[in-house]
Every structure is written in C-alpha cells, then in structure tokens.
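*Asks:* What follows is a structure written as structure tokens; I'll ask about it next.
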Amino acid sequence: MKTEEYKRRFPTSGKLYEEARKYLPAGVNSTARAVWSGWEPYPLFVANGKGSRVTDADGNEFIDYLLGLGPMLLGHRPEAVTKAVVRHISEVGTVFALASELDHTAAKKICEIIPSVDQVRFLNSGTEAVLYALRLARAYTGRKKIVRFEGMYHGFADTVYWNKHPSAKAVDAQGGGIPEPQGPGVPEGIKDTLLICRWNDPGALTQLVEANHEDIAAIITEPIMCNTGCILPKPGYLEAMRALSQKYGILLIFDEVITGFRVALSGAQGLYHIDPDLSVFAKGLGGGYPVAALGGKREIMRLVDTGEVSLAGTYSGNGIALSATSAALDYLRTPGLYDTLGARSRKLREGIDRLWRRSSIPAYAVGAGAAFQVWFADRPITHYREAAAYADSTLFRMWWEEMLFRGVLFHPHYFENLFVSTAHTEEDIDTTLSKAEESIAAIEKRLS
Ligand SMILES: Cc1ncc(COP(=O)(O)O)c(C=O)c1O
C-alpha cells in the first residue's frame with residue numbers, strides 16, 4: 001500500500017478525518033465510507049461534484065465512477081433534476097401529509113417503464129422498501145420464510161442483514177448456507193425466518209425450495225449480484241428461479257436498488273425478460289435524491305390498497321423525492337440516452353478488460369449496462385464463495401490506488417462496483433482507459 005503517497009496527495013482529507021472522528025463514529029456516516037471498508041489510511045473528503053467529476057478537499061479532480069455508490073446515474077448536480085427540486089421546494093413545499101398530484105404522476109412513470117409493476121409505493125431508502133416487500137410477501141402468502149442468497153445485500157434491516165459476506169463457518173456439511181447475522185445486534189430469532197442459498201446454482205435452489213416450499217413466502221434476489229463485485233446470472237438461472245417460485249406459489253422479489261434504471265431503462269428485469277412479483281428500486285430512481293419505490297402486481301399491492309398491510313412513512317413521497325424522481329425519469333426517457341450510456345459503459349468495461357487480459361496479471365472485467373467490476377482471479381467468479389476464495393483483494397487495492405493517484409475515482413473495496421453516468425463523456429472514457437493502461441504498467445512494475 002502506498003500510504004505515504006496517499007497522505008502526501010490528500011493531506012486535507014487527513015486533517016478533516018481527525019476532526020470528524022471526534023464527533024462521528026469512524027468519522028463518517030455510513031459503513032461503506034469507513035476505513036475498514038477500504039478507505040485506508042483515511043477516507044477521502046469531498047469538496048463538490050459536477051457532472052462526471054468530483055473534487056476533493058485538496059482540490060484534486062477525479063473522473064468519478066463511485067457516483068455516490070450508485071445514485072448519481074445522471075452525474076452530479078444534473079441540471080434538469082436540480083431545477084425541478086429547487087422549483088418544488090421554493091414554490092410548493094416539501095411535506096404536507098396530504099396527497100398531491102405529483103404522487104401519482106411520478107408513480108405512473110414507473111408503471112409505464114417497468115412492465116411487471118402495476119402500482120408502487122414510494123419510500124425513502126432501499127432498506128425500507130425491502131423491509132416492506134418482505135412484509136407484503138409474508139402477508140400475501142401467509143408463510144414466514146424468506147430465501148436469500150449469500151453475497152447479496154438488501155439493506156441494513158434486521159430481517160435481512162444476514163449472510164451478506166458470511167464466514168467460512170456458515171456452511172453445513174452439504175454445502176448449504178447457515179443463517180449468520182452480518183454483525184452483532186441483529187436478533188438471533190430471525191434466523192428461523194431465513195433460508196440461505198448459494199446463488200447461480202439452480203440445483204441448490206431447487207433442493208432448498210422443494211424441501212421447504214410450504215413455509216417460503218418469497219425468494220429475494222439481486223438480479224445481478226452487485227454486492228459481491230459484479231456477478232452476472234448464468235444463462236437460464238433467473239428463468240429457473242421464476243419457474244420454481246411460480247410452481248410453489250412463492251413470490252419472487254427483485255431487489256433492483258442498484259440495477260434498476262441502470263443496466264437498462266427497465267432494469268435487469270427488462271434486460272433478462274423476467275417478470276418478478278415485487279420489485280424494489282432506489283439508487284437509479286431519483287437523480288441523487290433519497291427515494292425508493294416498492295412496486296408490483298396489483299393483486300399483491302391490493303393488500304396495501306385495502307389497508308390490511310400498512311406501508312407508512314412521514315417522509316414517504318415527500319416533495320423533494322418526488323420532484324426529483326419525476327424529473328429524473330423524464331430525463332431517463334430521453335430517446336437514445338441508454339444507447340449512448342450503454343455504448344460508453346461497454347467501451348470502458350471492454351477496454352479495461354482487454355488491458356488486463358493483455359497484462360501478466362490474471363484479471364478481467366464483468367458487468368452489464370452502466371455497472372461493472374474488475375475481478376483479480378484466474379477463473380470465473382459465479383457466486384460469493386468463489387469470490388471469497390479466489391479473488392485477490394491486494395491486487396485490487398493496488399489497482400485502486402494507482403487509478404486514484406491518476407485522477408480516477410471508484411470504491412476501494414473489490415466487492416463494490418464501478419458506475420458510469422449519463423454525464424460521462426467519450427473523452428472521460430478515453431482518459432480513463434489511458435490511465436488504466438498506465439496503472440496496469442505501474443502495478444506490473446511494482447510486482448516485478
Ligand atoms: C441491492 C441493494 N438493496 C438494498 C440496499 C439498501 O439501500 P439503502 O442504502 O438505500 O437503504 C442496497 C444499498 O446499497 C443495495 O445495494
């Protein structure tokens with residue numbers, strides 16, 4: 001690790017971090033920003049962002065592929081969204097506890113874009129939306145258990161904050177997952193409501209479901225695993241999951257917090273042509289403002305319609321979130337936008353992939369649409385256990401710091417993703433590729 005160089009390049013962040021630690025645990029407001037999530041020796045402090053660029057507290061400018069861990073799909077301070085929000089807060093207001101026309105006009109846009117969604121309820125974060133999706137699934141089916149997959153993250157609620165990145169101990173003799181809380185403080189009793197499965201393995205899922213189907217309310221999955229680097233579903237896997245869930249009356253929940261509106265306008269479900277029962281959207285939705293949506297089939301949402309299931313929230317559907325969402329979705333529906341975003345993302349991902357494959361280090365890039373990650377591994381990574389066993393985090397760290405020192409920013413942890421925004425230009429992509437070439441040469445030199 002080039003700690004001294006980091007300190008030399010980013011001294012103001014170091015000073016701010018010392019101050020921040022006095023008042024904020026770990027000096028930050030979320031785990032993913034903390035030192036132990038990869039931001040060693042201390043997190044970078046931001047001054048501002050504009051479009052595809054971020055400037056840190058020392059005035060260093062970066063091409064930004066962190067993008068707030070996803071929400072800045074339109075880049076920083078996207079004009080159309082900023083204007084809509086500023087107009088709304090200065091001319092309308094933010095919270096009324098009354099219905100407004102904007103509630104249903106924004107909802108209608110999601111229903112028009114996502115074929116599986118007949119109705120939506122707006123919420124404030126992905127965590128909330130997942131929590132409610134699970135409640136709704138349990139209420140609808142009258143069953144208690146949820147199948148979740150190793151390596152995925154569905155928010156920090158007690159009910160699902162399990163087996164995100166489980167230990168080697170959380171496997172039984174047959175290779176099945178044993179529920180393991182992601183940390184202390186999560187109530188032990190919740191384990192009886194969870195079934196843990198290996199992803200991308202239709203046989204493992206079939207076995208688990210066939211043995212437990214009478215108790216299973218829902219299978220929740222990210223349609224592309226974006227919380228253990230980036231792992232694509234094997235051909236036919238999501239289809240098998242859909243068929244199995246339908247066979248046993250189990251709801252299929254797609255957690256599209258990351259993939260929604262990003263890997264395609266209609267999300268991963270549009271990309272792979274799968275029709276889930278419930279879907280959760282968040283990061284791609286609001287042009288950088290805090291908003292989430294739980295959407296699904298009318299027959300299931302009926303329980304919310306009648307009041308049998310309560311989905312509440314003082315700030316749910318607030319004016320900031322909805323004016324942002326409405327403007328962001330209008331922008332995302334600009335003809336040709338996803339063609340350009342897709343082409344630039346592909347050029348970057350394939351370019352980085354080519355550069356690494358040409359190098360002496362085994363590494364390759366995997367992704368879909370505007371999200372991808374580089375795996376430092378000598379074999380394909382298809383699920384969490386393979387990532388934990390075969391992917392090299394030390395090489396990833398070298399890659400991260402060489403790119404950072406050359407003005408390219410992404411998250412330092414190899415289990416996160418690089419995101420491309422609609423604000424990234426052709427020139428940004430070309431510059432990034434040339435920085436990647438230099439970085440790879442520098443790493444080869446460091447290793448030789
Ligand atoms: C797939 C997925 N689901 C849910 C969440 C939780 O969303 P939030 O951070 O908005 O609560 C995340 C956050 O990273 C996520 O990646």
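Residues are referred to by chain and number: the chain letter is A, B, ... according to the order shown in the structure tokens, the number counts from 1 in that chain, and ligands are numbered separately from 1 in the order shown.
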How would you write, as an MDAnalysis selection string, the set of residues in range 69-240 of chain A that DSSP gives as strand (DSSP E)?
*Replies:* chainID A and resid 119:123 145:149 194:197 216:221
*Asks:* What do you get as a list in words if you pick all residues at most 7 Å from ligand 1, counting only C-alpha atoms and all ligand atoms?
*Replies:*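 The distance check yields Ser125, Gly126, Thr127, Glu128, Val130, Met152, Tyr153, His154, Gly155, Phe156, Glu222, Cys226, Asn227, Asp255, Glu256, Val257, Ile258, Ala282 and Lys283 of chain A.
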*Asks:* Hey, can you spit out that residue selection with N, CA and C atoms as a PDB file, in the first residue's frame?
*Replies:*
ATOM      1  N   SER A 125     -35.685   4.835   1.316  1.00  0.00           N
ATOM      2  CA  SER A 125     -34.399   4.152   1.111  1.00  0.00           C
ATOM      3  C   SER A 125     -34.669   2.726   0.659  1.00  0.00           C
ATOM      4  N   GLY A 126     -33.625   2.128   0.071  1.00  0.00           N
ATOM      5  CA  GLY A 126     -33.726   0.744  -0.353  1.00  0.00           C
ATOM      6  C   GLY A 126     -34.046  -0.172   0.821  1.00  0.00           C
ATOM      7  N   THR A 127     -33.443   0.123   1.967  1.00  0.00           N
ATOM      8  CA  THR A 127     -33.676  -0.696   3.165  1.00  0.00           C
ATOM      9  C   THR A 127     -35.164  -0.761   3.505  1.00  0.00           C
ATOM     10  N   GLU A 128     -35.795   0.401   3.533  1.00  0.00           N
ATOM     11  CA  GLU A 128     -37.234   0.457   3.851  1.00  0.00           C
ATOM     12  C   GLU A 128     -38.056  -0.315   2.828  1.00  0.00           C
ATOM     13  N   VAL A 130     -37.200  -2.779   0.881  1.00  0.00           N
ATOM     14  CA  VAL A 130     -37.018  -4.237   1.021  1.00  0.00           C
ATOM     15  C   VAL A 130     -37.816  -4.745   2.217  1.00  0.00           C
ATOM     16  N   MET A 152     -25.253 -11.243  -1.181  1.00  0.00           N
ATOM     17  CA  MET A 152     -26.111 -10.113  -1.562  1.00  0.00           C
ATOM     18  C   MET A 152     -26.365  -9.217  -0.366  1.00  0.00           C
ATOM     19  N   TYR A 153     -26.698  -7.973  -0.675  1.00  0.00           N
ATOM     20  CA  TYR A 153     -27.057  -7.012   0.366  1.00  0.00           C
ATOM     21  C   TYR A 153     -28.430  -6.474   0.027  1.00  0.00           C
ATOM     22  N   HIS A 154     -29.314  -6.500   1.012  1.00  0.00           N
ATOM     23  CA  HIS A 154     -30.654  -5.960   0.779  1.00  0.00           C
ATOM     24  C   HIS A 154     -30.974  -4.883   1.813  1.00  0.00           C
ATOM     25  N   GLY A 155     -29.957  -4.159   2.255  1.00  0.00           N
ATOM     26  CA  GLY A 155     -30.192  -3.115   3.248  1.00  0.00           C
ATOM     27  C   GLY A 155     -29.860  -3.591   4.641  1.00  0.00           C
ATOM     28  N   PHE A 156     -29.956  -2.662   5.587  1.00  0.00           N
ATOM     29  CA  PHE A 156     -29.447  -2.938   6.927  1.00  0.00           C
ATOM     30  C   PHE A 156     -30.521  -3.329   7.944  1.00  0.00           C
ATOM     31  N   GLU A 222     -30.915 -10.015  -5.885  1.00  0.00           N
ATOM     32  CA  GLU A 222     -30.491  -9.012  -6.843  1.00  0.00           C
ATOM     33  C   GLU A 222     -30.436  -9.754  -8.174  1.00  0.00           C
ATOM     34  N   CYS A 226     -24.562  -7.406  -7.292  1.00  0.00           N
ATOM     35  CA  CYS A 226     -23.738  -6.191  -7.313  1.00  0.00           C
ATOM     36  C   CYS A 226     -23.157  -5.865  -5.941  1.00  0.00           C
ATOM     37  N   ASN A 227     -23.334  -6.765  -4.984  1.00  0.00           N
ATOM     38  CA  ASN A 227     -22.762  -6.507  -3.670  1.00  0.00           C
ATOM     39  C   ASN A 227     -21.649  -7.495  -3.323  1.00  0.00           C
ATOM     40  N   ASP A 255     -34.618  -7.288  -6.110  1.00  0.00           N
ATOM     41  CA  ASP A 255     -34.045  -6.101  -5.482  1.00  0.00           C
ATOM     42  C   ASP A 255     -33.222  -5.384  -6.555  1.00  0.00           C
ATOM     43  N   GLU A 256     -33.856  -4.391  -7.152  1.00  0.00           N
ATOM     44  CA  GLU A 256     -33.206  -3.646  -8.238  1.00  0.00           C
ATOM     45  C   GLU A 256     -32.718  -2.278  -7.741  1.00  0.00           C
ATOM     46  N   VAL A 257     -32.347  -2.235  -6.461  1.00  0.00           N
ATOM     47  CA  VAL A 257     -31.835  -0.982  -5.896  1.00  0.00           C
ATOM     48  C   VAL A 257     -30.649  -0.475  -6.722  1.00  0.00           C
ATOM     49  N   ILE A 258     -29.772  -1.381  -7.131  1.00  0.00           N
ATOM     50  CA  ILE A 258     -28.629  -0.963  -7.962  1.00  0.00           C
ATOM     51  C   ILE A 258     -28.951  -1.078  -9.452  1.00  0.00           C
ATOM     52  N   ALA A 282     -34.280   2.040  -6.053  1.00  0.00           N
ATOM     53  CA  ALA A 282     -33.852   3.159  -5.203  1.00  0.00           C
ATOM     54  C   ALA A 282     -32.777   3.992  -5.899  1.00  0.00           C
ATOM     55  N   LYS A 283     -31.587   3.415  -6.005  1.00  0.00           N
ATOM     56  CA  LYS A 283     -30.452   4.264  -6.399  1.00  0.00           C
ATOM     57  C   LYS A 283     -30.573   4.855  -7.801  1.00  0.00           C
TER      58      LYS A 283
END
*Asks:* So which one's closest to Phe419 in chain A, A:Glu4, A:Glu18, A:Asp64, A:Glu188? Using only C-alpha atoms, please.
*Replies:*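 Ranking A:Glu4, A:Glu18, A:Asp64, A:Glu188 by distance to Phe419 in chain A, first place goes to A:Asp64.
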*Asks:* Extract, using only C-alpha atoms, all DNA, RNA and protein residues at most 12 Å from Ala170 in chain A, discarding same-chain residues fewer than 2 positions from it, and format them as a ChimeraX atom specification.
*Replies:* /A:150,162-168,172-182,195-198,385
*Asks:* Give me, please, the distance in Å between CA of Asp330 in chain A and CA of Leu131 in chain A, quoted to one decimal.
*Replies:*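 Computing the Euclidean distance for CA of Asp330 in chain A and CA of Leu131 in chain A yields 27.8 Å.
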*Asks:* When you count only C-alpha atoms, which of these residues is closest to Leu341 in chain A: A:Gly75, A:Gly68, A:Pro11, A:Pro43?
*Replies:* A:Gly75
*Asks:* If I take CA of Asp339 in chain A and CA of Ile429 in chain A, how far is one from the other in Å, to one decimal?
*Replies:*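 Those two atoms sit 15.3 Å apart.
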*Asks:* Write out as an mmCIF file with C-alpha atoms, in the first residue's frame each polymer residue whose atoms come within 9 Å of Arg346 in chain A, counting only C-alpha atoms; drop sequence neighbours fewer than 3 positions from it.
*Replies:*
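The resulting file, part.cif, is reproduced below:
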data_model
loop_
_atom_site.group_PDB
_atom_site.id
_atom_site.type_symbol
_atom_site.label_atom_id
_atom_site.label_comp_id
_atom_site.auth_asym_id
_atom_site.auth_seq_id
_atom_site.Cartn_x
_atom_site.Cartn_y
_atom_site.Cartn_z
ATOM 1 C CA LEU A 341 -24.837 5.230 -21.840
ATOM 2 C CA GLY A 342 -24.642 1.562 -22.839
ATOM 3 C CA ALA A 343 -22.082 2.177 -25.581
ATOM 4 C CA ARG A 349 -15.636 -2.153 -19.450
ATOM 5 C CA GLU A 350 -14.364 -3.944 -22.552
ATOM 6 C CA GLY A 351 -11.379 -1.610 -22.796
ATOM 7 C CA GLY A 367 -20.711 -6.108 -15.834
ATOM 8 C CA ALA A 368 -23.923 -5.105 -17.524
ATOM 9 C CA GLY A 369 -25.029 -1.683 -18.685
ATOM 10 C CA ALA A 370 -23.570 1.076 -16.558
#
*Asks:* Restricting the calculation to only C-alpha atoms, which member of A:Ala268, A:Val366, A:Ile63, A:Val147 is positioned closest to Phe405 in chain A?
*Replies:*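 Closest to Phe405 in chain A of all the choices is A:Ile63.
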*Asks:* If we count only C-alpha atoms and set the cut-off at 9 Å, which residues sit around Gly249 in chain A, ignoring sequence neighbours fewer than 2 positions away in its own chain? Please answer as an MDAnalysis selection string.
*Replies:* chainID A and resid 141 213:214 216:218 244:247 251
*Asks:* Among range 15-87 of chain A, which residues does DSSP mark as helix (DSSP H, G or I) when it is run on the backbone? Keep the chain and numbering as in the structure and answer as number ranges by chain.
*Replies:* A: 15-23, 25-27, 31-33, 35-37, 67-69, 79-87
*Asks:* Restricting the calculation to only C-alpha atoms: of A:Ile89, A:Val186, A:Leu329, A:Ile253, which residue gets closest to Ile110 in chain A?
*Replies:*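 Nearest to Ile110 in chain A: A:Leu329.
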